[in-house]
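A.B. asks: Quick one, data.pdb (PDB, C-alpha atoms):
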```
ATOM      1  CA  PHE A   1       0.000   0.000   0.000  1.00  0.00           C
ATOM      2  CA  MET A   2       3.005   2.313   0.236  1.00  0.00           C
ATOM      3  CA  LEU A   3       5.727   1.106  -2.098  1.00  0.00           C
ATOM      4  CA  LEU A   4       3.809   0.658  -5.345  1.00  0.00           C
ATOM      5  CA  PRO A   5       1.928   3.991  -5.178  1.00  0.00           C
ATOM      6  CA  THR A   6       5.207   5.733  -4.327  1.00  0.00           C
ATOM      7  CA  ILE A   7       6.961   4.265  -7.351  1.00  0.00           C
ATOM      8  CA  LEU A   8       3.921   4.991  -9.526  1.00  0.00           C
ATOM      9  CA  LEU A   9       3.890   8.656  -8.488  1.00  0.00           C
ATOM     10  CA  VAL A  10       7.551   8.986  -9.423  1.00  0.00           C
ATOM     11  CA  LYS A  11       6.934   7.317 -12.784  1.00  0.00           C
ATOM     12  CA  LEU A  12       3.963   9.651 -13.406  1.00  0.00           C
ATOM     13  CA  ARG A  13       6.315  12.583 -12.838  1.00  0.00           C
ATOM     14  CA  LYS A  14       8.367  11.202 -15.732  1.00  0.00           C
ATOM     15  CA  GLU A  15      11.377  10.747 -13.437  1.00  0.00           C
ATOM     16  CA  ASN A  16      14.067   8.112 -13.735  1.00  0.00           C
ATOM     17  CA  VAL A  17      13.147   5.856 -10.782  1.00  0.00           C
ATOM     18  CA  VAL A  18      16.716   4.758  -9.995  1.00  0.00           C
ATOM     19  CA  GLU A  19      18.049   8.328 -10.067  1.00  0.00           C
ATOM     20  CA  PHE A  20      15.086   9.839  -8.239  1.00  0.00           C
ATOM     21  CA  PHE A  21      15.269   7.357  -5.365  1.00  0.00           C
ATOM     22  CA  ARG A  22      19.078   7.481  -5.367  1.00  0.00           C
ATOM     23  CA  LEU A  23      19.393   3.720  -5.626  1.00  0.00           C
ATOM     24  CA  ALA A  24      22.969   2.469  -5.566  1.00  0.00           C
ATOM     25  CA  VAL A  25      25.071  -0.268  -4.049  1.00  0.00           C
ATOM     26  CA  PRO A  26      26.148   1.072  -0.650  1.00  0.00           C
ATOM     27  CA  ASP A  27      29.717   1.238   0.576  1.00  0.00           C
ATOM     28  CA  TYR A  28      30.169  -1.163   3.488  1.00  0.00           C
ATOM     29  CA  LYS A  29      31.906   1.578   5.518  1.00  0.00           C
ATOM     30  CA  GLU A  30      28.806   3.772   5.291  1.00  0.00           C
ATOM     31  CA  ILE A  31      26.652   0.869   6.421  1.00  0.00           C
ATOM     32  CA  VAL A  32      28.871   0.061   9.407  1.00  0.00           C
ATOM     33  CA  LEU A  33      29.113   3.710  10.489  1.00  0.00           C
ATOM     34  CA  THR A  34      25.377   4.319  10.198  1.00  0.00           C
ATOM     35  CA  PHE A  35      24.636   1.112  12.152  1.00  0.00           C
ATOM     36  CA  ILE A  36      26.927   2.244  14.967  1.00  0.00           C
ATOM     37  CA  ALA A  37      25.402   5.711  14.903  1.00  0.00           C
ATOM     38  CA  VAL A  38      21.779   4.498  14.972  1.00  0.00           C
ATOM     39  CA  PHE A  39      22.583   2.152  17.863  1.00  0.00           C
ATOM     40  CA  ALA A  40      24.123   5.065  19.796  1.00  0.00           C
ATOM     41  CA  LEU A  41      21.214   7.294  18.833  1.00  0.00           C
ATOM     42  CA  GLN A  42      18.773   4.706  20.178  1.00  0.00           C
ATOM     43  CA  GLN A  43      20.481   4.857  23.561  1.00  0.00           C
ATOM     44  CA  VAL A  44      20.282   8.661  23.638  1.00  0.00           C
ATOM     45  CA  LEU A  45      16.606   8.534  22.651  1.00  0.00           C
ATOM     46  CA  GLN A  46      15.890   6.000  25.396  1.00  0.00           C
ATOM     47  CA  GLY A  47      17.413   8.491  27.836  1.00  0.00           C
ATOM     48  CA  TYR A  48      15.145  11.179  26.418  1.00  0.00           C
ATOM     49  CA  MET A  49      12.124   8.885  26.839  1.00  0.00           C
ATOM     50  CA  ALA A  50      13.077   8.249  30.479  1.00  0.00           C
ATOM     51  CA  VAL A  51      13.241  11.993  31.132  1.00  0.00           C
ATOM     52  CA  GLN A  52       9.960  12.533  29.267  1.00  0.00           C
ATOM     53  CA  ASP A  53       8.286   9.821  31.346  1.00  0.00           C
ATOM     54  CA  ALA A  54       9.544  11.459  34.548  1.00  0.00           C
ATOM     55  CA  LEU A  55       7.961  14.824  33.747  1.00  0.00           C
ATOM     56  CA  PRO A  56       4.807  15.352  35.788  1.00  0.00           C
ATOM     57  CA  LEU A  57       1.530  15.760  33.960  1.00  0.00           C
ATOM     58  CA  PRO A  58      -1.859  16.755  35.345  1.00  0.00           C
ATOM     59  CA  GLU A  59      -3.523  13.666  36.857  1.00  0.00           C
ATOM     60  CA  PRO A  60      -6.335  13.266  34.275  1.00  0.00           C
ATOM     61  CA  LEU A  61      -3.888  13.673  31.388  1.00  0.00           C
ATOM     62  CA  GLN A  62      -1.382  11.306  33.034  1.00  0.00           C
ATOM     63  CA  LYS A  63      -4.023   8.555  33.172  1.00  0.00           C
ATOM     64  CA  ILE A  64      -4.890   8.992  29.489  1.00  0.00           C
ATOM     65  CA  VAL A  65      -1.218   8.997  28.456  1.00  0.00           C
ATOM     66  CA  GLU A  66      -0.475   5.891  30.534  1.00  0.00           C
ATOM     67  CA  GLN A  67      -3.481   4.009  29.126  1.00  0.00           C
ATOM     68  CA  PHE A  68      -2.562   4.925  25.559  1.00  0.00           C
ATOM     69  CA  LYS A  69       1.092   4.049  26.102  1.00  0.00           C
ATOM     70  CA  SER A  70       0.174   0.726  27.699  1.00  0.00           C
ATOM     71  CA  MET A  71      -2.190  -0.098  24.842  1.00  0.00           C
ATOM     72  CA  VAL A  72       0.415   0.696  22.150  1.00  0.00           C
ATOM     73  CA  GLU A  73       3.160  -1.240  23.954  1.00  0.00           C
ATOM     74  CA  GLU A  74       0.881  -4.266  24.368  1.00  0.00           C
ATOM     75  CA  MET A  75      -0.064  -4.104  20.687  1.00  0.00           C
ATOM     76  CA  TYR A  76       3.614  -4.003  19.668  1.00  0.00           C
ATOM     77  CA  ARG A  77       4.440  -6.881  22.007  1.00  0.00           C
ATOM     78  CA  ASN A  78       1.633  -8.964  20.512  1.00  0.00           C
ATOM     79  CA  LEU A  79       2.629  -8.160  16.938  1.00  0.00           C
ATOM     80  CA  VAL A  80       6.370  -8.526  17.348  1.00  0.00           C
ATOM     81  CA  THR A  81       6.769 -11.343  19.844  1.00  0.00           C
ATOM     82  CA  ALA A  82       7.985 -14.580  18.275  1.00  0.00           C
ATOM     83  CA  HIS A  83       7.972 -17.970  20.003  1.00  0.00           C
ATOM     84  CA  SER A  84      10.166 -19.867  17.568  1.00  0.00           C
ATOM     85  CA  PRO A  85      12.981 -19.150  15.130  1.00  0.00           C
ATOM     86  CA  VAL A  86      10.564 -19.497  12.190  1.00  0.00           C
ATOM     87  CA  GLU A  87       8.181 -16.946  13.750  1.00  0.00           C
ATOM     88  CA  PHE A  88      11.153 -14.680  14.423  1.00  0.00           C
ATOM     89  CA  VAL A  89      12.140 -14.729  10.738  1.00  0.00           C
ATOM     90  CA  PHE A  90       8.537 -13.882   9.803  1.00  0.00           C
ATOM     91  CA  VAL A  91       8.462 -11.023  12.340  1.00  0.00           C
ATOM     92  CA  VAL A  92      11.746  -9.674  10.994  1.00  0.00           C
ATOM     93  CA  LEU A  93      10.361  -9.726   7.439  1.00  0.00           C
ATOM     94  CA  VAL A  94       7.110  -8.016   8.438  1.00  0.00           C
ATOM     95  CA  VAL A  95       8.332  -5.596  11.123  1.00  0.00           C
ATOM     96  CA  ALA A  96      11.916  -4.857  10.096  1.00  0.00           C
ATOM     97  CA  LEU A  97      12.456  -5.436   6.370  1.00  0.00           C
ATOM     98  CA  THR A  98       9.118  -4.405   4.846  1.00  0.00           C
ATOM     99  CA  PRO A  99       8.823  -1.062   6.706  1.00  0.00           C
ATOM    100  CA  ALA A 100      12.483  -0.290   6.056  1.00  0.00           C
ATOM    101  CA  ILE A 101      11.975  -0.595   2.311  1.00  0.00           C
ATOM    102  CA  CYS A 102       8.473   0.875   2.014  1.00  0.00           C
ATOM    103  CA  GLU A 103       8.892   3.758   4.472  1.00  0.00           C
ATOM    104  CA  GLU A 104      12.276   4.758   3.099  1.00  0.00           C
ATOM    105  CA  PHE A 105      11.011   4.848  -0.492  1.00  0.00           C
ATOM    106  CA  LEU A 106       8.020   6.933   0.582  1.00  0.00           C
ATOM    107  CA  PHE A 107       9.635   9.286   3.086  1.00  0.00           C
ATOM    108  CA  ARG A 108      13.324   9.577   2.125  1.00  0.00           C
ATOM    109  CA  GLY A 109      12.542   8.867  -1.513  1.00  0.00           C
ATOM    110  CA  LEU A 110       9.402  10.655  -2.643  1.00  0.00           C
ATOM    111  CA  VAL A 111       8.713  13.088   0.219  1.00  0.00           C
ATOM    112  CA  GLN A 112      12.257  14.170   1.077  1.00  0.00           C
ATOM    113  CA  ARG A 113      13.346  14.381  -2.542  1.00  0.00           C
ATOM    114  CA  SER A 114      10.342  16.610  -3.259  1.00  0.00           C
ATOM    115  CA  PHE A 115      11.149  18.872  -0.294  1.00  0.00           C
ATOM    116  CA  GLU A 116      14.808  19.043  -1.336  1.00  0.00           C
ATOM    117  CA  LYS A 117      13.696  20.656  -4.600  1.00  0.00           C
ATOM    118  CA  VAL A 118      12.096  23.580  -2.728  1.00  0.00           C
ATOM    119  CA  THR A 119      14.228  23.868   0.433  1.00  0.00           C
ATOM    120  CA  VAL A 120      17.895  24.432   1.237  1.00  0.00           C
ATOM    121  CA  GLY A 121      20.371  21.921   2.680  1.00  0.00           C
ATOM    122  CA  ILE A 122      19.031  19.258   4.981  1.00  0.00           C
ATOM    123  CA  GLN A 123      15.775  21.075   5.692  1.00  0.00           C
ATOM    124  CA  GLY A 124      13.996  18.500   3.544  1.00  0.00           C
ATOM    125  CA  ALA A 125      15.353  15.736   5.787  1.00  0.00           C
ATOM    126  CA  ILE A 126      14.130  17.481   8.937  1.00  0.00           C
ATOM    127  CA  ILE A 127      10.672  18.262   7.526  1.00  0.00           C
ATOM    128  CA  THR A 128      10.391  14.668   6.318  1.00  0.00           C
ATOM    129  CA  GLY A 129      11.484  13.453   9.770  1.00  0.00           C
ATOM    130  CA  VAL A 130       8.573  15.326  11.335  1.00  0.00           C
ATOM    131  CA  ILE A 131       6.139  13.856   8.796  1.00  0.00           C
ATOM    132  CA  PHE A 132       7.633  10.395   9.406  1.00  0.00           C
ATOM    133  CA  ALA A 133       7.008  10.752  13.154  1.00  0.00           C
ATOM    134  CA  ALA A 134       3.444  11.975  12.650  1.00  0.00           C
ATOM    135  CA  PHE A 135       2.782   9.034  10.300  1.00  0.00           C
ATOM    136  CA  HIS A 136       3.459   6.579  13.151  1.00  0.00           C
ATOM    137  CA  LEU A 137       0.603   8.076  15.249  1.00  0.00           C
ATOM    138  CA  ILE A 138       2.384   7.599  18.599  1.00  0.00           C
ATOM    139  CA  PRO A 139       2.323  10.988  20.340  1.00  0.00           C
ATOM    140  CA  TYR A 140       4.665  10.074  23.214  1.00  0.00           C
ATOM    141  CA  SER A 141       7.276   8.860  20.695  1.00  0.00           C
ATOM    142  CA  PHE A 142       6.977  11.868  18.405  1.00  0.00           C
ATOM    143  CA  VAL A 143      10.332  13.423  19.315  1.00  0.00           C
ATOM    144  CA  PRO A 144      12.372  10.187  19.105  1.00  0.00           C
ATOM    145  CA  LEU A 145      10.701   9.244  15.819  1.00  0.00           C
ATOM    146  CA  THR A 146      11.354  12.736  14.453  1.00  0.00           C
ATOM    147  CA  VAL A 147      15.020  12.399  15.377  1.00  0.00           C
ATOM    148  CA  LEU A 148      15.254   8.923  13.820  1.00  0.00           C
ATOM    149  CA  GLY A 149      13.416  10.037  10.697  1.00  0.00           C
ATOM    150  CA  SER A 150      15.629  13.110  10.374  1.00  0.00           C
ATOM    151  CA  TYR A 151      18.703  10.924  10.859  1.00  0.00           C
ATOM    152  CA  PHE A 152      17.561   8.568   8.096  1.00  0.00           C
ATOM    153  CA  GLY A 153      17.001  11.639   5.920  1.00  0.00           C
ATOM    154  CA  PHE A 154      20.455  12.985   6.750  1.00  0.00           C
ATOM    155  CA  ILE A 155      21.929   9.631   5.730  1.00  0.00           C
ATOM    156  CA  VAL A 156      20.246   9.849   2.324  1.00  0.00           C
ATOM    157  CA  TYR A 157      21.129  13.503   1.860  1.00  0.00           C
ATOM    158  CA  ARG A 158      24.758  12.957   2.804  1.00  0.00           C
ATOM    159  CA  SER A 159      25.369   9.645   1.006  1.00  0.00           C
ATOM    160  CA  GLN A 160      23.022  10.338  -1.931  1.00  0.00           C
ATOM    161  CA  ASN A 161      22.055   6.679  -1.534  1.00  0.00           C
ATOM    162  CA  ILE A 162      18.702   5.479  -0.196  1.00  0.00           C
ATOM    163  CA  THR A 163      19.954   1.927   0.303  1.00  0.00           C
ATOM    164  CA  VAL A 164      22.143   3.112   3.194  1.00  0.00           C
ATOM    165  CA  ALA A 165      19.033   4.474   4.947  1.00  0.00           C
ATOM    166  CA  ILE A 166      17.056   1.324   4.134  1.00  0.00           C
ATOM    167  CA  SER A 167      19.810  -0.790   5.686  1.00  0.00           C
ATOM    168  CA  THR A 168      20.013   1.424   8.766  1.00  0.00           C
ATOM    169  CA  HIS A 169      16.232   1.526   9.190  1.00  0.00           C
ATOM    170  CA  PHE A 170      16.182  -2.274   8.914  1.00  0.00           C
ATOM    171  CA  PHE A 171      18.961  -2.554  11.500  1.00  0.00           C
ATOM    172  CA  ASN A 172      17.066  -0.255  13.897  1.00  0.00           C
ATOM    173  CA  ASN A 173      13.907  -2.358  13.660  1.00  0.00           C
ATOM    174  CA  PHE A 174      15.855  -5.636  13.687  1.00  0.00           C
ATOM    175  CA  ILE A 175      17.449  -4.691  17.016  1.00  0.00           C
ATOM    176  CA  ALA A 176      13.983  -4.090  18.476  1.00  0.00           C
ATOM    177  CA  CYS A 177      12.663  -7.414  17.149  1.00  0.00           C
ATOM    178  CA  THR A 178      15.713  -9.242  18.473  1.00  0.00           C
ATOM    179  CA  ALA A 179      15.452  -7.570  21.889  1.00  0.00           C
ATOM    180  CA  LEU A 180      11.829  -8.674  22.191  1.00  0.00           C
ATOM    181  CA  TYR A 181      12.627 -12.179  20.922  1.00  0.00           C
ATOM    182  CA  LEU A 182      15.448 -12.547  23.453  1.00  0.00           C
ATOM    183  CA  GLN A 183      13.169 -11.007  26.095  1.00  0.00           C
ATOM    184  CA  LEU A 184      15.502  -8.126  26.838  1.00  0.00           C
ATOM    185  CA  ASN A 185      14.221  -4.987  28.513  1.00  0.00           C
ATOM    186  CA  ASP A 186      11.314  -3.517  26.467  1.00  0.00           C
ATOM    187  CA  ASP A 187      12.812  -0.048  26.912  1.00  0.00           C
ATOM    188  CA  PHE A 188      16.002  -1.113  25.140  1.00  0.00           C
ATOM    189  CA  VAL A 189      14.961   0.024  21.672  1.00  0.00           C
ATOM    190  CA  ALA A 190      12.057   1.365  19.662  1.00  0.00           C
ATOM    191  CA  ILE A 191      10.643   0.271  16.343  1.00  0.00           C
ATOM    192  CA  ALA A 192      10.405   3.014  13.736  1.00  0.00           C
TER     193      ALA A 192
END
```
Can you dump the structure from the file as structure tokens?
C.D. replies:
Amino acid sequence: FMLLPTILLVKLRKENVVEFFRLAVPDYKEIVLTFIAVFALQQVLQGYMAVQDALPLPEPLQKIVEQFKSMVEEMYRNLVTAHSPVEFVFVVLVVALTPAICEEFLFRGLVQRSFEKVTVGIQGAIITGVIFAAFHLIPYSFVPLTVLGSYFGFIVYRSQNITVAISTHFFNNFIACTALYLQLNDDFVAIA
């Protein structure tokens, strides 16, 4: 529902799909560096989430936020938890690989590339990061998702290669799937 319409829109614009999406074989050094950076970024964002959770809210609002957060976390646990290696592979395909490809083509491909034509520098990456966060519909994760989305956009802008961002996005989600599969602390990582 995301990938095919995205590619179709680019084709309707009479653009070269490979050039427009900046598809290229990535350099392994870029992949390694972006993996290290996204892992470090995840730890910083978890610290931010801990501080955010510690901020006092008015009692009625606190109850609503806690209920919503609990509901979303339970939904993710149910969707992402795997009880066997075969289920884990399926979860990785559905939760890590598919979103990495589809979301990167839509956001860092179509949306960011379009913003880059009318903005200066990495502004397109930042604007796209905000849209990426809003797309996920998780208000309490808006800031971390904006940062992750902007980082993915920066990767594409800097490398001029969407496959580096796809790989990094996959790695980010794969870490979350693996953490849940190995029953590590739920606060360890977040799925984007």
A.B. asks: What gap, in Å, lies between atom CA of A:Ser159 and atom CA of A:Val120?
C.D. replies: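 Separation of atom CA of A:Ser159 and atom CA of A:Val120: 16.6 Å.
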A.B. asks: Run the PyMOL selection byres ((chain A and resi 146) around 8) mentally over the shown coordinates, then write out the matched residues as a list in words, using the chain letters and numbers from the document.
C.D. replies: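 Applied to this file, the PyMOL selection byres ((chain A and resi 146) around 8) selects Ile126, Gly129, Val130, Ile131, Phe132, Ala133, Phe142, Val143, Pro144, Leu145, Val147, Leu148, Gly149 and Ser150 of chain A.
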A.B. asks: Please enumerate the residues selected by the PyMOL selection byres ((chain A and resi 91-93) around 12) when evaluated against the supplied file, formatted as a PDB file with C-alpha atoms, in the coordinates of the input.
C.D. replies:
```
ATOM      1  CA  TYR A  76       3.614  -4.003  19.668  1.00  0.00           C
ATOM      2  CA  ARG A  77       4.440  -6.881  22.007  1.00  0.00           C
ATOM      3  CA  ASN A  78       1.633  -8.964  20.512  1.00  0.00           C
ATOM      4  CA  LEU A  79       2.629  -8.160  16.938  1.00  0.00           C
ATOM      5  CA  VAL A  80       6.370  -8.526  17.348  1.00  0.00           C
ATOM      6  CA  THR A  81       6.769 -11.343  19.844  1.00  0.00           C
ATOM      7  CA  ALA A  82       7.985 -14.580  18.275  1.00  0.00           C
ATOM      8  CA  HIS A  83       7.972 -17.970  20.003  1.00  0.00           C
ATOM      9  CA  SER A  84      10.166 -19.867  17.568  1.00  0.00           C
ATOM     10  CA  PRO A  85      12.981 -19.150  15.130  1.00  0.00           C
ATOM     11  CA  VAL A  86      10.564 -19.497  12.190  1.00  0.00           C
ATOM     12  CA  GLU A  87       8.181 -16.946  13.750  1.00  0.00           C
ATOM     13  CA  PHE A  88      11.153 -14.680  14.423  1.00  0.00           C
ATOM     14  CA  VAL A  89      12.140 -14.729  10.738  1.00  0.00           C
ATOM     15  CA  PHE A  90       8.537 -13.882   9.803  1.00  0.00           C
ATOM     16  CA  VAL A  94       7.110  -8.016   8.438  1.00  0.00           C
ATOM     17  CA  VAL A  95       8.332  -5.596  11.123  1.00  0.00           C
ATOM     18  CA  ALA A  96      11.916  -4.857  10.096  1.00  0.00           C
ATOM     19  CA  LEU A  97      12.456  -5.436   6.370  1.00  0.00           C
ATOM     20  CA  THR A  98       9.118  -4.405   4.846  1.00  0.00           C
ATOM     21  CA  PRO A  99       8.823  -1.062   6.706  1.00  0.00           C
ATOM     22  CA  ALA A 100      12.483  -0.290   6.056  1.00  0.00           C
ATOM     23  CA  ILE A 101      11.975  -0.595   2.311  1.00  0.00           C
ATOM     24  CA  PHE A 170      16.182  -2.274   8.914  1.00  0.00           C
ATOM     25  CA  PHE A 171      18.961  -2.554  11.500  1.00  0.00           C
ATOM     26  CA  ASN A 172      17.066  -0.255  13.897  1.00  0.00           C
ATOM     27  CA  ASN A 173      13.907  -2.358  13.660  1.00  0.00           C
ATOM     28  CA  PHE A 174      15.855  -5.636  13.687  1.00  0.00           C
ATOM     29  CA  ILE A 175      17.449  -4.691  17.016  1.00  0.00           C
ATOM     30  CA  ALA A 176      13.983  -4.090  18.476  1.00  0.00           C
ATOM     31  CA  CYS A 177      12.663  -7.414  17.149  1.00  0.00           C
ATOM     32  CA  THR A 178      15.713  -9.242  18.473  1.00  0.00           C
ATOM     33  CA  ALA A 179      15.452  -7.570  21.889  1.00  0.00           C
ATOM     34  CA  LEU A 180      11.829  -8.674  22.191  1.00  0.00           C
ATOM     35  CA  TYR A 181      12.627 -12.179  20.922  1.00  0.00           C
ATOM     36  CA  ILE A 191      10.643   0.271  16.343  1.00  0.00           C
TER      37      ILE A 191
END
```
A.B. asks: Any chance you could resolve the PyMOL selection byres ((chain A and resi 140) around 10) against this file and give the residues as a PyMOL selection string?
C.D. replies: chain A and resi 49+52-53+65-66+68-69+137-139+141-145
A.B. asks: Show me a table, sorted first by chain and then by increasing residue number, of the residues of stretch 75-177 of chain A having an atom at most 7 Å from stretch 18-34 of chain A, each with its shortest atom pair and the distance in Å to one decimal, counting all atoms listed in the file and written as a tab-separated table.
C.D. replies:
```
residue	atom	partner	partner_atom	distance
A:Phe105	CA	A:Phe21	CA	6.9
A:Gly109	CA	A:Phe21	CA	5.0
A:Gln160	CA	A:Arg22	CA	6.0
A:Asn161	CA	A:Arg22	CA	4.9
A:Ile162	CA	A:Arg22	CA	5.6
A:Thr163	CA	A:Leu23	CA	6.2
A:Val164	CA	A:Pro26	CA	5.9
A:Thr168	CA	A:Thr34	CA	6.3
```
A.B. asks: To one decimal in Å, tell me the separation between atom CA of A:Glu116 and atom CA of A:Glu103.
C.D. replies: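 Straight-line distance from atom CA of A:Glu116 to atom CA of A:Glu103 works out to 17.4 Å.
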A.B. asks: A:Leu110, A:Met75, A:Thr128, A:Cys102: which is nearest A:Arg13, counting all atoms listed in the file?
C.D. replies: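 Looking at the shortest contact to A:Arg13, the residue is A:Leu110.
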A.B. asks: Work out how far atom CA of A:Ala40 is from atom CA of A:Ser70, in Å to one decimal.
C.D. replies: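 Going from atom CA of A:Ser70 over to atom CA of A:Ala40, I get 25.6 Å.
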A.B. asks: Which residue gives the smallest distance to A:Gly153 among A:Gln123, A:Arg108, A:Gln67, A:Gln183, with all atoms listed in the file counted?
C.D. replies: A:Arg108
A.B. asks: Measuring atom to atom with only C-alpha atoms, identify which of A:Thr119, A:Gln62, A:Ser114, A:Ser167 is nearest to A:Val10.
C.D. replies: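 Comparing A:Thr119, A:Gln62, A:Ser114, A:Ser167 against A:Val10, the winner is A:Ser114.
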A.B. asks: Determine the nearest neighbour of A:Val156 from the options A:Lys11, A:Lys63, A:His136, A:Arg113, counting only C-alpha atoms.
C.D. replies: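 Looking only at the distances to A:Val156, the closest residue turns out to be A:Arg113.
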A.B. asks: Taking all atoms listed in the file into account, name the residue in A:Ala37, A:Ala50, A:Leu4, A:Leu106 that is nearest to A:Ile155.
C.D. replies: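 When distances to A:Ile155 are compared using all atoms listed in the file, the smallest one comes from A:Ala37.
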